[in-house]
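Participant: I am sharing upload12.txt, which consists of compact mmCIF, C-alpha atoms:
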# COMPACT_ATOMS: atom_id res chain seq x y z
CA MET A 1 -21.63 54.26 287.00
CA ASN A 2 -24.05 55.02 284.16
CA ASP A 3 -23.81 57.44 281.24
CA GLU A 4 -25.32 60.32 283.24
CA GLU A 5 -22.76 59.95 286.02
CA LEU A 6 -19.98 59.70 283.45
CA ALA A 7 -21.09 63.01 281.94
CA VAL A 8 -20.42 64.67 285.33
CA ILE A 9 -16.91 63.21 285.43
CA THR A 10 -16.07 64.16 281.85
CA ALA A 11 -17.10 67.76 282.55
CA ALA A 12 -14.26 67.94 285.09
CA LEU A 13 -11.54 66.65 282.74
CA ARG A 14 -10.51 70.15 281.60
CA SER A 15 -9.56 70.96 285.18
CA LEU A 16 -7.09 68.03 285.22
CA PRO A 17 -4.41 69.01 282.66
CA LYS A 18 -1.83 66.61 284.14
CA LEU A 19 -4.09 63.55 284.16
CA GLU A 20 -2.21 60.44 282.96
CA PHE A 21 -4.44 57.48 283.81
CA LEU A 22 -8.19 57.42 283.18
CA ASP A 23 -9.56 54.15 284.56
CA LEU A 24 -13.28 53.65 283.84
CA HIS A 25 -13.38 49.86 283.76
CA GLY A 26 -16.29 47.80 285.09
CA ASN A 27 -19.00 50.41 284.59
CA ASN A 28 -22.10 50.44 282.41
CA ILE A 29 -20.80 53.00 279.91
CA GLY A 30 -22.71 52.85 276.63
CA ARG A 31 -22.93 54.87 273.45
CA SER A 32 -24.13 58.15 274.99
CA GLY A 33 -21.39 57.89 277.63
CA CYS A 34 -18.79 57.40 274.85
CA VAL A 35 -20.16 60.48 273.07
CA ALA A 36 -19.74 62.56 276.24
CA LEU A 37 -16.26 61.13 276.89
CA GLY A 38 -15.19 61.64 273.27
CA ASN A 39 -16.38 65.24 273.31
CA ALA A 40 -14.54 65.89 276.58
CA LEU A 41 -11.30 64.36 275.33
CA GLY A 42 -11.58 66.29 272.07
CA ARG A 43 -11.74 69.58 273.99
CA LEU A 44 -8.59 68.89 276.00
CA PRO A 45 -5.45 70.88 275.13
CA ALA A 46 -3.28 69.19 272.52
CA SER A 47 -0.59 68.96 275.19
CA ASN A 48 -2.70 66.69 277.43
CA THR A 49 -0.78 63.90 279.17
CA ILE A 50 -3.31 61.04 279.15
CA ASP A 51 -1.25 57.86 278.83
CA LEU A 52 -3.80 55.12 279.66
CA LEU A 53 -7.54 54.83 278.98
CA ASP A 54 -9.15 51.74 280.51
CA LEU A 55 -12.71 50.99 279.35
CA ASN A 56 -12.67 47.28 280.14
CA GLY A 57 -16.02 45.59 280.86
CA ASN A 58 -18.50 48.26 279.79
CA ALA A 59 -21.42 48.29 277.32
CA ILE A 60 -19.65 49.98 274.40
CA ASP A 61 -20.82 49.15 270.86
CA ASP A 62 -19.59 50.13 267.39
CA GLY A 63 -21.19 53.57 267.55
CA GLY A 64 -19.60 54.12 270.94
CA VAL A 65 -16.16 53.25 269.58
CA GLN A 66 -16.62 55.68 266.71
CA ALA A 67 -17.67 58.50 269.05
CA LEU A 68 -14.81 57.68 271.40
CA VAL A 69 -12.15 57.69 268.66
CA ALA A 70 -13.28 61.16 267.52
CA GLY A 71 -12.01 62.51 270.84
CA VAL A 72 -9.17 60.09 271.60
CA VAL A 73 -7.28 61.16 268.46
CA ASN A 74 -6.64 64.39 270.40
CA CYS A 75 -4.68 62.38 272.99
CA SER A 76 -1.41 62.14 271.10
CA ASN A 77 0.42 60.76 274.17
CA LEU A 78 -1.96 57.84 274.68
CA ASN A 79 -0.03 54.58 274.99
CA VAL A 80 -2.55 52.07 276.34
CA LEU A 81 -6.20 51.60 275.33
CA THR A 82 -8.24 48.80 276.89
CA LEU A 83 -11.55 47.85 275.27
CA GLU A 84 -11.70 44.23 276.39
CA HIS A 85 -14.99 42.55 277.28
CA ASN A 86 -17.14 45.08 275.45
CA HIS A 87 -19.02 42.29 273.73
CA SER A 88 -21.08 44.49 271.38
CA ILE A 89 -18.03 45.68 269.44
CA THR A 90 -17.77 44.13 265.96
CA ALA A 91 -15.58 44.54 262.89
CA ALA A 92 -17.26 47.88 262.11
CA GLY A 93 -16.12 49.27 265.46
CA LEU A 94 -12.57 48.03 264.96
CA ARG A 95 -12.53 49.63 261.52
CA SER A 96 -13.19 53.02 263.13
CA LEU A 97 -9.95 52.66 265.14
CA SER A 98 -7.87 53.36 262.02
CA PRO A 99 -7.45 57.13 262.68
CA LEU A 100 -6.20 56.27 266.15
CA PHE A 101 -3.41 54.11 264.75
CA GLN A 102 -2.13 57.04 262.70
CA SER A 103 -2.44 59.93 265.18
CA CYS A 104 -1.46 58.53 268.60
CA ARG A 105 1.60 56.85 270.07
CA LEU A 106 -0.60 53.88 270.98
CA SER A 107 1.64 50.94 271.87
CA ASP A 108 -0.82 48.58 273.61
CA LEU A 109 -4.40 47.75 272.53
CA CYS A 110 -6.41 45.16 274.46
CA LEU A 111 -9.42 43.50 272.77
CA ASP A 112 -9.83 40.38 274.92
CA GLY A 113 -13.33 38.95 275.03
CA ILE A 114 -14.47 40.47 271.72
CA ASN A 115 -15.63 38.05 269.02
CA PHE A 116 -14.70 40.14 265.95
CA GLY A 117 -13.99 37.28 263.51
CA ASP A 118 -12.24 37.48 260.14
CA GLU A 119 -13.76 40.84 259.22
CA GLY A 120 -12.44 42.37 262.42
CA MET A 121 -8.99 40.87 261.83
CA ILE A 122 -8.96 42.27 258.31
CA SER A 123 -10.07 45.70 259.60
CA LEU A 124 -7.24 45.72 262.15
CA ALA A 125 -4.68 44.66 259.54
CA GLU A 126 -5.79 47.37 257.11
CA GLY A 127 -5.84 50.02 259.84
CA LEU A 128 -2.33 49.15 261.01
CA VAL A 129 -0.73 49.63 257.59
CA GLY A 130 1.90 52.32 258.06
CA ASN A 131 1.66 52.22 261.87
CA ALA A 132 5.03 52.16 263.64
CA THR A 133 4.05 52.42 267.31
CA LEU A 134 1.70 49.55 268.28
CA LYS A 135 3.70 46.77 269.90
CA GLU A 136 1.06 44.67 271.66
CA LEU A 137 -2.39 43.74 270.34
CA THR A 138 -4.03 41.47 272.89
CA PHE A 139 -7.04 39.28 272.16
CA ASP A 140 -8.11 35.70 272.78
CA THR A 141 -7.49 33.65 269.63
CA ASN A 142 -9.79 30.94 270.97
CA SER A 143 -12.87 33.17 271.23
CA ALA A 144 -12.26 35.67 268.41
CA SER A 145 -13.47 33.20 265.70
CA ILE A 146 -10.60 33.87 263.31
CA THR A 147 -10.06 31.53 260.33
CA SER A 148 -7.28 31.32 257.75
CA VAL A 149 -8.84 34.29 255.92
CA GLY A 150 -8.25 36.65 258.84
CA TRP A 151 -4.81 35.24 259.62
CA CYS A 152 -3.78 35.64 255.98
CA ALA A 153 -4.59 39.36 256.15
CA PHE A 154 -2.54 39.70 259.32
CA SER A 155 0.36 37.75 257.88
CA LYS A 156 0.37 40.15 254.93
CA LEU A 157 0.51 43.09 257.33
CA LEU A 158 3.60 41.66 259.02
CA CYS A 159 5.32 40.57 255.80
CA ASP A 160 3.80 41.46 252.44
CA THR A 161 5.70 39.25 250.01
CA SER A 162 4.16 40.76 246.84
CA THR A 163 7.33 42.67 245.96
CA ILE A 164 10.63 43.58 247.60
CA ASN A 165 9.31 47.07 248.26
CA THR A 166 6.09 45.90 249.96
CA THR A 167 8.12 43.52 252.12
CA TYR A 168 10.39 46.40 253.15
CA LEU A 169 7.35 48.57 254.01
CA SER A 170 5.61 45.84 256.06
CA ASN A 171 4.98 46.18 259.78
CA HIS A 172 8.19 45.54 261.75
CA THR A 173 6.88 46.95 265.06
CA LEU A 174 4.07 44.71 266.29
CA LYS A 175 5.59 42.14 268.64
CA CYS A 176 2.70 40.37 270.33
CA ILE A 177 -0.93 39.62 269.48
CA ASP A 178 -1.78 37.15 272.22
CA SER A 179 -0.47 36.25 275.63
CA THR A 180 -0.39 32.58 274.61
CA GLU A 181 1.44 32.60 271.27
CA GLY A 182 2.19 28.92 271.77
CA ASP A 183 -1.47 28.37 270.94
CA SER A 184 -1.88 26.27 267.82
CA ASN A 185 -4.58 28.67 266.58
CA ILE A 186 -1.88 31.11 265.47
CA PRO A 187 -0.31 30.15 262.12
CA GLU A 188 3.41 29.48 262.08
CA ASP A 189 4.21 32.30 259.67
CA VAL A 190 2.51 34.87 261.94
CA LYS A 191 4.42 33.51 264.96
CA ARG A 192 7.64 33.73 262.98
CA TYR A 193 7.16 37.35 261.92
CA LEU A 194 6.14 38.42 265.43
CA LYS A 195 9.23 36.75 266.86
CA TRP A 196 11.43 38.57 264.37
CA ASN A 197 9.71 41.86 265.24
CA ARG A 198 10.73 41.39 268.86
CA GLN A 199 14.28 42.40 268.05
CA PRO A 200 15.35 45.71 269.63
CA ALA A 201 13.62 48.77 268.18
CA ASP A 202 16.80 50.19 266.62
CA PHE A 203 17.14 47.00 264.54
CA ASP A 204 14.11 47.69 262.33
CA ILE A 205 16.31 47.95 259.22
CA HIS A 206 17.77 44.51 259.97
CA ILE A 207 14.28 43.02 260.48
CA ALA A 208 13.23 44.37 257.08
CA ARG A 209 16.34 42.89 255.46
CA CYS A 210 15.71 39.53 257.10
CA LYS A 211 12.15 39.45 255.79
CA ILE A 212 13.41 40.27 252.29
CA LEU A 213 16.08 37.57 252.45
CA TYR A 214 13.53 35.03 253.63
CA SER A 215 10.68 35.98 251.26
CA HIS A 216 12.78 36.72 248.15
CA PRO A 217 15.67 34.24 247.99
CA ASP A 218 15.94 35.12 244.30
CA LEU A 219 15.49 38.83 243.81
CA ASP A 220 12.90 39.83 241.23
CA LEU A 221 14.99 42.06 238.98
CA GLU A 222 12.33 43.12 236.52
CA PRO A 223 11.29 46.27 238.48
CA LEU A 224 14.99 47.14 238.92
CA LEU A 225 16.10 46.88 235.28
CA LYS A 226 14.77 50.38 234.61
CA TRP A 227 17.68 51.65 236.72
CA LYS A 228 20.13 50.04 234.27
CA SER A 229 23.71 50.35 235.47
CA LYS A 230 22.63 52.09 238.70
CA PHE A 231 21.32 48.71 239.85
CA ILE A 232 24.75 47.11 240.35
CA PRO A 233 26.12 49.22 243.23
CA ILE A 234 22.73 49.27 244.96
CA VAL A 235 22.38 45.50 245.16
CA ASP A 236 26.08 44.99 245.80
CA GLY A 237 25.94 47.42 248.71
CA TRP A 238 22.75 45.86 250.09
CA TYR A 239 24.27 42.38 250.28
CA GLN A 240 27.64 43.66 251.43
CA ASN A 241 26.10 45.50 254.39
CA ILE A 242 24.65 42.22 255.63
CA ILE A 243 27.91 40.34 255.01
CA ASP A 244 29.86 42.99 256.92
CA PHE A 245 27.39 42.85 259.79
CA LEU A 246 27.87 39.08 260.12
CA ASN A 247 31.37 39.38 261.51
CA ILE A 248 33.01 37.73 264.47
CA ALA A 249 31.59 40.29 266.93
CA GLU A 250 27.97 40.22 265.78
CA TYR A 251 27.10 36.71 264.68
CA ARG A 252 26.21 35.52 268.20
CA THR A 253 23.92 38.49 268.92
CA SER A 254 20.14 38.11 268.58
CA ILE A 255 20.05 39.84 265.20
CA GLY A 256 23.09 37.86 264.02
CA LYS A 257 21.27 34.65 264.90
CA LEU A 258 18.21 35.92 263.07
CA TYR A 259 20.24 36.52 259.89
CA ILE A 260 21.59 32.97 260.10
CA GLU A 261 18.05 31.64 260.62
CA VAL A 262 16.66 33.35 257.50
CA ILE A 263 19.70 32.47 255.36
CA PHE A 264 19.37 28.75 256.14
CA ARG A 265 15.57 28.93 256.68
CA SER A 266 15.86 27.08 259.98
CA GLU A 267 16.67 27.84 263.60
CA HIS A 268 20.01 26.89 265.13
CA SER A 269 20.85 26.40 268.78
CA ASP A 270 23.67 28.41 270.36
CA ASN A 271 25.87 25.32 270.27
CA ASP A 272 25.37 25.00 266.49
CA ILE A 273 26.29 28.61 265.75
CA ASP A 274 30.06 28.66 265.43
CA TYR A 275 32.73 30.16 263.20
CA HIS A 276 32.23 27.56 260.47
CA LEU A 277 28.49 28.25 260.27
CA LEU A 278 29.24 31.97 260.14
CA MET A 279 31.58 31.47 257.18
CA LYS A 280 28.96 29.30 255.48
CA ALA A 281 26.34 32.02 255.93
CA ARG A 282 28.65 34.71 254.50
CA LYS A 283 29.45 32.43 251.56
CA SER A 284 25.74 31.91 250.92
CA LEU A 285 25.18 35.67 250.85
CA ARG A 286 28.05 36.16 248.39
CA SER A 287 26.56 33.47 246.15
CA ARG A 288 23.19 35.18 246.20
CA LYS A 289 24.81 38.49 245.42
CA LEU A 290 26.71 37.02 242.46
CA SER A 291 23.51 35.35 241.27
CA ALA A 292 21.74 38.70 241.29
CA MET A 293 24.59 40.30 239.33
CA TYR A 294 24.55 37.45 236.81
CA LYS A 295 20.79 37.85 236.25
CA PHE A 296 21.28 41.56 235.69
CA ILE A 297 24.04 41.04 233.12
CA ARG A 298 22.06 38.24 231.47
CA ASP A 299 18.87 40.25 231.17
CA MET A 300 20.41 43.57 230.15
CA PRO A 301 21.18 42.47 226.52
CA ASP A 302 17.55 41.42 226.13
CA LEU A 303 16.55 44.78 227.48
CA ALA A 304 18.85 46.55 225.02
CA VAL A 305 17.64 44.48 222.06
CA THR A 306 14.03 45.03 223.05
CA GLY A 307 14.66 48.76 223.31
CA TYR A 308 16.38 48.81 219.88
CA TRP A 309 13.49 47.05 218.13
CA LEU A 310 10.94 49.21 219.91
CA ARG A 311 12.75 52.28 218.55
CA GLN A 312 12.86 50.73 215.06
CA VAL A 313 9.15 49.91 215.09
CA ASN A 314 8.33 53.37 216.39
CA TYR A 315 10.46 54.93 213.59
CA ILE A 316 8.63 52.89 210.92
CA ILE A 317 5.25 53.82 212.36
CA GLN A 318 6.12 57.51 212.49
CA THR A 319 7.48 57.43 208.90
CA LYS A 320 4.31 55.82 207.55
CA LYS A 321 2.21 58.28 209.49
CA ARG A 322 4.10 61.22 207.96
CA LYS A 323 3.59 59.75 204.46
CA LEU A 324 -0.13 59.29 205.04
CA ASP A 325 -0.43 62.83 206.35
CA GLU A 326 1.39 64.18 203.27
CA ALA A 327 -0.85 62.16 200.90
CA GLN A 328 -3.94 63.46 202.68
CA ARG A 329 -2.65 67.02 202.42
CA ARG A 330 -2.05 66.65 198.66
CA LEU A 331 -5.53 65.14 198.18
CA ASP A 332 -7.15 68.01 200.06
CA GLU A 333 -5.21 70.55 197.98
CA GLU A 334 -6.24 68.82 194.71
CA GLN A 335 -9.88 68.89 195.79
CA ARG A 336 -9.67 72.60 196.54
CA ARG A 337 -8.13 73.31 193.11
CA ALA A 338 -10.81 71.20 191.34
CA GLN A 339 -13.54 73.09 193.16
CA ARG A 340 -12.03 76.42 192.14
CA ARG A 341 -11.89 75.30 188.48
CA LEU A 342 -15.53 74.18 188.65
CA ASP A 343 -16.64 77.48 190.14
CA GLU A 344 -14.69 79.45 187.49
CA GLU A 345 -16.28 77.38 184.65
CA LYS A 346 -19.79 77.97 186.03
CA GLN A 347 -19.15 81.71 186.18
CA ARG A 348 -17.79 81.74 182.61
CA LEU A 349 -20.90 79.97 181.27
CA LYS A 350 -23.17 82.38 183.08
CA ASP A 351 -21.30 85.37 181.68
CA GLU A 352 -21.55 83.99 178.11
CA GLU A 353 -25.29 83.35 178.54
CA ASP A 354 -25.90 86.88 179.77
CA ALA A 355 -23.87 88.36 176.91
CA ALA A 356 -25.77 86.31 174.28
CA TRP A 357 -29.14 87.39 175.66
CA GLU A 358 -28.16 91.05 175.54
CA ARG A 359 -27.02 90.74 171.88
CA LEU A 360 -30.45 89.40 171.01
CA GLY A 361 -31.90 92.60 172.47
CA GLY A 362 -33.50 91.00 175.44
CA GLY A 363 -31.70 93.11 178.07
CA ALA A 364 -30.68 91.59 181.32
CA LEU A 365 -31.85 88.03 181.73
CA PRO A 366 -34.58 87.72 184.40
CA ALA A 367 -33.59 85.80 187.45
CA ASN A 368 -36.38 83.23 187.04
CA GLU A 369 -35.50 82.73 183.36
CA SER A 370 -31.87 82.34 184.26
CA ASN A 371 -32.77 79.67 186.77
CA ARG A 372 -34.95 77.90 184.17
CA ASN A 373 -32.06 77.88 181.70
CA LYS A 374 -29.83 76.43 184.35
CA ARG A 375 -32.25 73.60 184.90
CA ILE A 376 -32.45 72.98 181.16
CA ARG A 377 -28.64 72.79 180.91
CA GLN A 378 -28.50 70.48 183.86
CA GLU A 379 -31.09 68.18 182.22
In structure tokens, what does this structure look like?

Facilitator:
Amino acid sequence: MNDEELAVITAALRSLPKLEFLDLHGNNIGRSGCVALGNALGRLPASNTIDLLDLNGNAIDDGGVQALVAGVVNCSNLNVLTLEHNHSITAAGLRSLSPLFQSCRLSDLCLDGINFGDEGMISLAEGLVGNATLKELTFDTNSASITSVGWCAFSKLLCDTSTINTTYLSNHTLKCIDSTEGDSNIPEDVKRYLKWNRQPADFDIHIARCKILYSHPDLDLEPLLKWKSKFIPIVDGWYQNIIDFLNIAEYRTSIGKLYIEVIFRSEHSDNDIDYHLLMKARKSLRSRKLSAMYKFIRDMPDLAVTGYWLRQVNYIIQTKKRKLDEAQRRLDEEQRRAQRRLDEEKQRLKDEEDAAWERLGGGALPANESNRNKRIRQE
């Protein structure tokens, strides 16, 4: 099938409102075909039911991906998109997928056989920020030419350790990026985060907590000190929720085992996880909670002293500023008074000169003569 034949098929899409699977793999669809397909998908009713779009093994390039995405964003129910073995797609094409990650329920994206390199990996990581639906991103790590630069960007997507807040807002949904995750090409930290993300969907809050416990063994309190006394119940409650969850009923569940793994920073077999290990884990959490409270109490006096001296310095600065303003006001007033006195003295001298001239019988003093006399006086 070529682009012209595809145009005939896309013209019929509006007559198929219940279409769920659109399989176009193994054809010679290029950029113009993607434009026609994108336009057709964009004109579908918003309630369209397309669930799978298979474009495996075509001749799609970056421009084709961009044209395709313009229409696919209208398919809000799309779950599976297959673009594998479209060898002309590069990082620029993957970058244009970003709107798709935010508008569709896409859960499976296949990019096998595309050599997108570090730039493509970075584009995918940036596009997936905030996405909470994609669960499987399939590509061949052996042929994608990804180095530590690309993997670092993806690791940051899965667990951004910059702050507690960025760790909490990391991606906790993506569960698989390759069918052979045992491959040594995938860094251990990426494998670890993906494994944690494979917990049941309703455990997202626990996954976020585990990533925080693992990445921030000592909480950075500086951003939290602004809350002052409100900080204590927040952190106490956060730790206590985890301690309460690790009870007799839960500690052998998958998420209970995950908590134990991140607390001790190592995996334990089922035989190793017993009541004594559970009590040790709960004790470790209590110690970390007390440590956080101690840091808060220790740092609060410094905060109070710093605030006191900042207020004192500000008071001194404001006082000096008021004094300078008052001195400037007095100086300006003195200058205005001096100018008035000078103007009055000039007028008095002029009046005396005019009166003397009249007594001598000369009448009113001519303007040019008056000016000459002024120059003489000035000399």

Participant: Give me, please, the distance in Å between atom CA of A:Cys176 and atom CA of A:Leu137, quoted to one decimal.

Facilitator: 6.1 Å

Participant: Using only C-alpha atoms, pick whichever of A:Thr82, A:Asn185, A:Ser47, A:Ser88 has the shortest atom-to-atom distance to A:Gly63.

Facilitator: A:Ser88

Participant: From the list A:Glu261, A:Gly26, A:Arg105, A:Ala208, which residue is nearest A:Trp238 when using only C-alpha atoms?

Facilitator: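 Selected residue with least distance to A:Trp238: A:Ala208.
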
Participant: Work out how far apart atom CA of A:Gln328 and atom CA of A:Glu344 are and give it in Å to one decimal.

Facilitator: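 Pair atom CA of A:Gln328 / atom CA of A:Glu344 returns 24.5 Å.
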
Participant: What lies within 10 Å of A:Ser269 using only C-alpha atoms, ignoring chain neighbours under 3 positions off, as a list in words?

Facilitator: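 With the cut-off at 10 Å, the set is Lys257, Asp272 and Ile273 of chain A.
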
Participant: Any chance you can output those residues with C-alpha atoms as an mmCIF file, in the coordinates of the input?

Facilitator:
data_model
loop_
_atom_site.group_PDB
_atom_site.id
_atom_site.type_symbol
_atom_site.label_atom_id
_atom_site.label_comp_id
_atom_site.auth_asym_id
_atom_site.auth_seq_id
_atom_site.Cartn_x
_atom_site.Cartn_y
_atom_site.Cartn_z
ATOM 1 C CA LYS A 257 21.270 34.650 264.900
ATOM 2 C CA ASP A 272 25.370 25.000 266.490
ATOM 3 C CA ILE A 273 26.290 28.610 265.750
#

Participant: Could you tell me how far atom CA of A:Leu277 lies from atom CA of A:Lys175, in Å and to one decimal?

Facilitator: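 These two atoms are separated by 28.1 Å.
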
Participant: Measuring atom to atom with only C-alpha atoms, identify which of A:Thr147, A:Asn39, A:Gln240, A:Thr163 is nearest to A:Ser287.

Facilitator: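 Nearest to A:Ser287: A:Gln240.
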
Participant: Find the residues of stretch 60-107 of chain A that sit at most 9 Å from stretch 124-133 of chain A; for each, write down the nearest two atoms and how far apart they are in Å, to one decimal. Count only C-alpha atoms. Sort by chain, then by number going up, and give it as CSV.

Facilitator:
residue,atom,partner,partner_atom,distance
A:Asn79,CA,A:Thr133,CA,9.0
A:Ala91,CA,A:Leu124,CA,8.5
A:Leu94,CA,A:Leu124,CA,6.5
A:Arg95,CA,A:Leu124,CA,6.6
A:Ser96,CA,A:Gly127,CA,8.6
A:Leu97,CA,A:Gly127,CA,7.2
A:Ser98,CA,A:Gly127,CA,4.5
A:Pro99,CA,A:Gly127,CA,7.8
A:Leu100,CA,A:Gly127,CA,8.9
A:Phe101,CA,A:Asn131,CA,6.1
A:Gln102,CA,A:Asn131,CA,6.2
A:Cys104,CA,A:Thr133,CA,8.3
A:Arg105,CA,A:Thr133,CA,5.8
A:Leu106,CA,A:Thr133,CA,6.1
A:Ser107,CA,A:Thr133,CA,5.4

Participant: Pick out the residues sitting within 7 Å of A:Ile60, and hand them over as a list in words; count all atoms listed in the file, and ignore anything fewer than 3 positions along from it in its own chain.

Facilitator: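 So, after excluding close chain neighbours, the residues are Ile29, Gly30, Arg31, Gly64, Val65, Asn86, Ser88 and Ile89 of chain A.
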
Participant: Please enclose the listed atoms of stretch 152-167 of chain A in an axis-aligned box, pad each side by 3 Å, and write out the centre and the three edge lengths in Å, rounded to one decimal, as AutoDock Vina command-line options.

Facilitator:
--center_x 3.0 --center_y 41.4 --center_z 252.6 --size_x 21.2 --size_y 17.4 --size_z 19.4

Participant: Counting all atoms listed in the file, find residues at most 12 Å from (20.5, 33.9, 264.0) (file frame) and give them as a PyMOL selection string.

Facilitator: chain A and resi 195-196+199+206-207+210+246+250-274+277-278+281

Participant: What lies within 10 Å of A:Leu52 using all atoms listed in the file, ignoring chain neighbours under 6 positions off, as a PyMOL selection string?

Facilitator: chain A and resi 19-23+75+77-82+106+108

Participant: Between A:Val313, A:Leu219, A:Leu324, A:Ile122, which residue has the minimum interatomic distance to A:Tyr294, considering all atoms listed in the file?

Facilitator: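 Selected residue with least distance to A:Tyr294: A:Leu219.
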
Participant: For A:Cys152, which of A:Glu136, A:Asn28, A:Pro187, A:His276 is the closest residue, counting all atoms listed in the file?

Facilitator: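 Checking each candidate against A:Cys152, we get A:Pro187 as the closest.
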
Participant: Quick one: of A:Asp236, A:Tyr168, A:Ile177, A:Gly361, who's nearest to A:Asp204, counting all atoms listed in the file?

Facilitator: A:Tyr168
